[in-house]
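K.L.:
Starting off with a structure, shown below.
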Amino acid sequence: MTTRRPSQRLLAAIWADQMAGHHADGAVAPPTYDYTWVNQVPFAYAGSVATSGTADTPDIPDAPSTPGKEDATYRDTVPDLLVPVGDVLVPVGEEQDTVQVTDDEAVQKKEHGHQRRRVRVRRYHRRPARGTVLSPARMTRIAVSIVGQKRSEVGDEWRSHLFGEPGRGLSRRDQVRAARGFLWSAVRFRLQDAADLAWRPVDAVLGSRTLFNLFVWGPVFVVLLAIVRHDGRYGLVADDQDPLALGLFLYAAIKVGRRYRRIKLPKHKPRRARE
Amino acid sequence: MSTSRIRVTMVILDILDVLMSTPPDDPAWGLKLCEQTGHGSGTIYPALDRLLQAKWIEDRWEDPPPADRPRRRYYAITADGRAAYQGVVAARAARRTAWSSRALRAEGAA
């Protein structure tokens with residue numbers, strides 16, 4: 001049997017219902033659907049309570065509460081095609097024997113031993129809790145993958161955090177909160193690493209005398225060359241304020257950058273005495 | 001870049017408070033720091049990282065690693081961190097004293 005997801009089963013059920021409607025009496029209005037949310041897919045679920053299952057009509061077990069955690073029994077017993085009866089879905093072929101009753105009525109019918117198959121409507125009015133979409137362990141794994149190789153050791157640290165003290169583990173709610181914090185920490189670590197990487201060339205200029213001289217005198221020299229080429233040597237006298245202003249600006253920028261980045265240049269090495 | 005100075009926030013002070021009062025035989029780790037400071041994991045771990053980079057605290061892994069749970073990363077304050085913490089606390093106390101003395105003078109003048 002091929003395993004279908006609830007959404008696929010729903011589409012299959014709708015298709016089967018439409019096909020049945022073409023072959024049936026055209027005067028019958030198509031049923032209206034009241035799909036509720038089960039595991040984040042619109043899916044009305046019918047569970048058997050009134051009669052025990054047979055080979056032809058297997059019992060439908062309870063829907064799993066966690067997405068992706070369907071057990072083998074659930075997969076093997078849920079029929080491929082479901083048709084809507086009222087606002088529930090029942091296996092194909094059982095729609096004639098199915099009527100919709102409330103919970104109390106279902107219990108009552110069971111007590112009185114009715115042989116007709118009944119279904120109890122199980123409504124899932126609430127969507128799953130936000131924390132159950134991603135488990136804390138999974139969120140932690142995602143956080144560790146965001147952090148990257150440079151800080152991969154935080155994986156053990158965060159897993160030990162989630163584990164808690166022996167015999168006094170964290171509650172599910174605390175685990176989810178901690179895992180969200182790990183995600184936030186991972187993003188901050190990553191941004192910090194990116195910022196450090198971006199500052200690296202700037203720090204190299206700020207922390208080196210050679211690069212400092214190149215950064216200040218290089219543009220000044222280029223401007224001087226441009227002035228000489230454009231206006232001749234006399235242009236140096238007329239436009240002397242332009243390269244001077246540029247040099248002062250770059251010098252001040254370097255000084256401010258060093259103060260901001262708290263970078264101190266290494267002291268001058270004493271020159272060797274000439275032998 | 002010099003990393004000996006960091007911006008001392010309340011989270012940093014809370015962490016250093018805990019680390020200063022932690023006995024050596026029961027070192028602090030992530031969950032313990034979160035519970036004792038009252039801050040979340042998203043705040044504590046980046047602050048610990050800043051303190052580590054500033055060399056105000058040092059870390060070590062639990063050795064030997066236990067078989068029944070993940071190993072822990074323990075944190076301890078360094079001599080630099082202790083001196084910095086005492087400096088910060090002294091500066092705060094001086095600011096409070098100056099503020100209170102100014103307030104008293106203002107009340108007396110009024």
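Note on naming: chains are A, B, ... as they come in the structure tokens, residues start from 1 per chain, ligands start from 1 in the order shown.
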Any idea which chain A residues end up within 10 Å of chain B if we count only C-alpha atoms, as number ranges by chain please?

P.N.:
A: 153-166, 170, 174, 177-189, 192, 199-200, 203-204, 206-207, 258, 260-264

K.L.:
DSSP on the backbone, strand (DSSP E) only: what residues of range 61-91 of chain B does that give? Format it as a ChimeraX atom specification.

P.N.:
/B:61,73-77

K.L.:
Store the residues picked out above in a file with all heavy atoms, as a PDB file, in the first residue's frame.

P.N.:
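This went into result_8.pdb:
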```pdb
ATOM      1  N   TRP B  61      36.328  22.150  29.370  1.00  0.00           N
ATOM      2  CA  TRP B  61      35.309  21.132  29.165  1.00  0.00           C
ATOM      3  C   TRP B  61      35.353  20.137  30.299  1.00  0.00           C
ATOM      4  O   TRP B  61      36.406  19.899  30.901  1.00  0.00           O
ATOM      5  CB  TRP B  61      35.511  20.429  27.832  1.00  0.00           C
ATOM      6  CG  TRP B  61      35.148  21.290  26.667  1.00  0.00           C
ATOM      7  CD1 TRP B  61      35.993  22.008  25.885  1.00  0.00           C
ATOM      8  CD2 TRP B  61      33.834  21.544  26.178  1.00  0.00           C
ATOM      9  NE1 TRP B  61      35.303  22.693  24.930  1.00  0.00           N
ATOM     10  CE2 TRP B  61      33.964  22.433  25.082  1.00  0.00           C
ATOM     11  CE3 TRP B  61      32.559  21.114  26.544  1.00  0.00           C
ATOM     12  CZ2 TRP B  61      32.871  22.884  24.364  1.00  0.00           C
ATOM     13  CZ3 TRP B  61      31.477  21.575  25.821  1.00  0.00           C
ATOM     14  CH2 TRP B  61      31.639  22.442  24.749  1.00  0.00           C
ATOM     15  N   ARG B  73      30.447  22.634  29.552  1.00  0.00           N
ATOM     16  CA  ARG B  73      31.524  23.610  29.393  1.00  0.00           C
ATOM     17  C   ARG B  73      31.481  24.519  30.622  1.00  0.00           C
ATOM     18  O   ARG B  73      30.497  25.234  30.836  1.00  0.00           O
ATOM     19  CB  ARG B  73      31.290  24.417  28.131  1.00  0.00           C
ATOM     20  CG  ARG B  73      32.435  25.303  27.725  1.00  0.00           C
ATOM     21  CD  ARG B  73      32.034  26.042  26.470  1.00  0.00           C
ATOM     22  NE  ARG B  73      33.141  26.753  25.869  1.00  0.00           N
ATOM     23  CZ  ARG B  73      33.027  27.517  24.781  1.00  0.00           C
ATOM     24  NH1 ARG B  73      31.856  27.640  24.201  1.00  0.00           N
ATOM     25  NH2 ARG B  73      34.066  28.137  24.280  1.00  0.00           N
ATOM     26  N   TYR B  74      32.525  24.430  31.406  1.00  0.00           N
ATOM     27  CA  TYR B  74      32.571  25.193  32.646  1.00  0.00           C
ATOM     28  C   TYR B  74      33.289  26.521  32.425  1.00  0.00           C
ATOM     29  O   TYR B  74      34.226  26.614  31.628  1.00  0.00           O
ATOM     30  CB  TYR B  74      33.294  24.397  33.730  1.00  0.00           C
ATOM     31  CG  TYR B  74      32.536  23.176  34.184  1.00  0.00           C
ATOM     32  CD1 TYR B  74      33.151  21.923  34.225  1.00  0.00           C
ATOM     33  CD2 TYR B  74      31.213  23.283  34.592  1.00  0.00           C
ATOM     34  CE1 TYR B  74      32.450  20.805  34.644  1.00  0.00           C
ATOM     35  CE2 TYR B  74      30.512  22.168  35.001  1.00  0.00           C
ATOM     36  CZ  TYR B  74      31.129  20.935  35.027  1.00  0.00           C
ATOM     37  OH  TYR B  74      30.434  19.839  35.431  1.00  0.00           O
ATOM     38  N   TYR B  75      32.843  27.518  33.165  1.00  0.00           N
ATOM     39  CA  TYR B  75      33.433  28.857  33.060  1.00  0.00           C
ATOM     40  C   TYR B  75      33.965  29.282  34.425  1.00  0.00           C
ATOM     41  O   TYR B  75      33.381  28.968  35.456  1.00  0.00           O
ATOM     42  CB  TYR B  75      32.396  29.878  32.588  1.00  0.00           C
ATOM     43  CG  TYR B  75      31.867  29.605  31.205  1.00  0.00           C
ATOM     44  CD1 TYR B  75      30.685  28.900  31.025  1.00  0.00           C
ATOM     45  CD2 TYR B  75      32.548  30.045  30.074  1.00  0.00           C
ATOM     46  CE1 TYR B  75      30.195  28.638  29.756  1.00  0.00           C
ATOM     47  CE2 TYR B  75      32.066  29.790  28.808  1.00  0.00           C
ATOM     48  CZ  TYR B  75      30.889  29.079  28.657  1.00  0.00           C
ATOM     49  OH  TYR B  75      30.420  28.814  27.396  1.00  0.00           O
ATOM     50  N   ALA B  76      35.083  29.995  34.397  1.00  0.00           N
ATOM     51  CA  ALA B  76      35.668  30.543  35.625  1.00  0.00           C
ATOM     52  C   ALA B  76      36.234  31.917  35.304  1.00  0.00           C
ATOM     53  O   ALA B  76      36.656  32.190  34.180  1.00  0.00           O
ATOM     54  CB  ALA B  76      36.772  29.618  36.149  1.00  0.00           C
ATOM     55  N   ILE B  77      36.231  32.761  36.300  1.00  0.00           N
ATOM     56  CA  ILE B  77      36.718  34.126  36.087  1.00  0.00           C
ATOM     57  C   ILE B  77      38.241  34.129  36.186  1.00  0.00           C
ATOM     58  O   ILE B  77      38.839  33.394  36.990  1.00  0.00           O
ATOM     59  CB  ILE B  77      36.067  35.091  37.104  1.00  0.00           C
ATOM     60  CG1 ILE B  77      36.317  36.538  36.707  1.00  0.00           C
ATOM     61  CG2 ILE B  77      36.546  34.807  38.519  1.00  0.00           C
ATOM     62  CD1 ILE B  77      35.415  37.513  37.431  1.00  0.00           C
TER      63      ILE B  77
END
```

K.L.:
Give me the residues within 8 Å of Leu236 in chain A as a ChimeraX atom specification, counting only C-alpha atoms and dropping any in the same chain fewer than 5 places off.

P.N.:
/A:224,227-228,231

K.L.:
Go ahead and save the picked residues with C-alpha atoms, as a compact mmCIF listing (two decimals), in the first residue's frame.

P.N.:
```
# COMPACT_ATOMS: atom_id res chain seq x y z
CA LEU A 224 49.34 65.61 -7.38
CA ILE A 227 47.16 68.29 -11.19
CA VAL A 228 50.55 68.33 -12.87
CA ASP A 231 47.54 72.23 -15.17
```

K.L.:
Could you work out how far CA of Phe249 in chain A lies from CA of Arg229 in chain A, giving the answer in Å with one decimal?

P.N.:
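Computed distance, CA of Arg229 in chain A to CA of Phe249 in chain A, equals 23.4 Å.
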
K.L.:
Using only C-alpha atoms, find the one residue out of B:Pro27, B:Gly81, B:Gly108, B:Gly87 that sits nearest to Glu62 in chain B.

P.N.:
B:Pro27

K.L.:
One decimal, in Å: what's the spacing between CA of Leu13 in chain B and CA of Arg60 in chain B?

P.N.:
21.0 Å

K.L.:
How many Å separate CA of Thr37 in chain B from CA of Val18 in chain B?

P.N.:
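Value for the CA of Thr37 in chain B-CA of Val18 in chain B distance: 7.4 Å.
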
K.L.:
Just want the 12 Å neighbourhood of Asp14 in chain B, counted on only C-alpha atoms, with same-chain residues fewer than 2 positions away dropped. Output as a list in words.

P.N.:
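Listing them by chain and then by number gives Val8, Thr9, Met10, Val11, Ile12, Leu16, Asp17, Val18, Leu19, Met20, Ser21, Leu33, Cys34, Glu35, Gln36, Thr37, Gly38, His39, Thr43, Ile44, Ala47, Leu48, Tyr85 and Val89 of chain B.
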
K.L.:
Please extract the residues of range 6-89 of chain B with a backbone DSSP assignment of helix (DSSP H, G or I) and present them as a ChimeraX atom specification.

P.N.:
/B:10-20,30-37,41-53,79-89
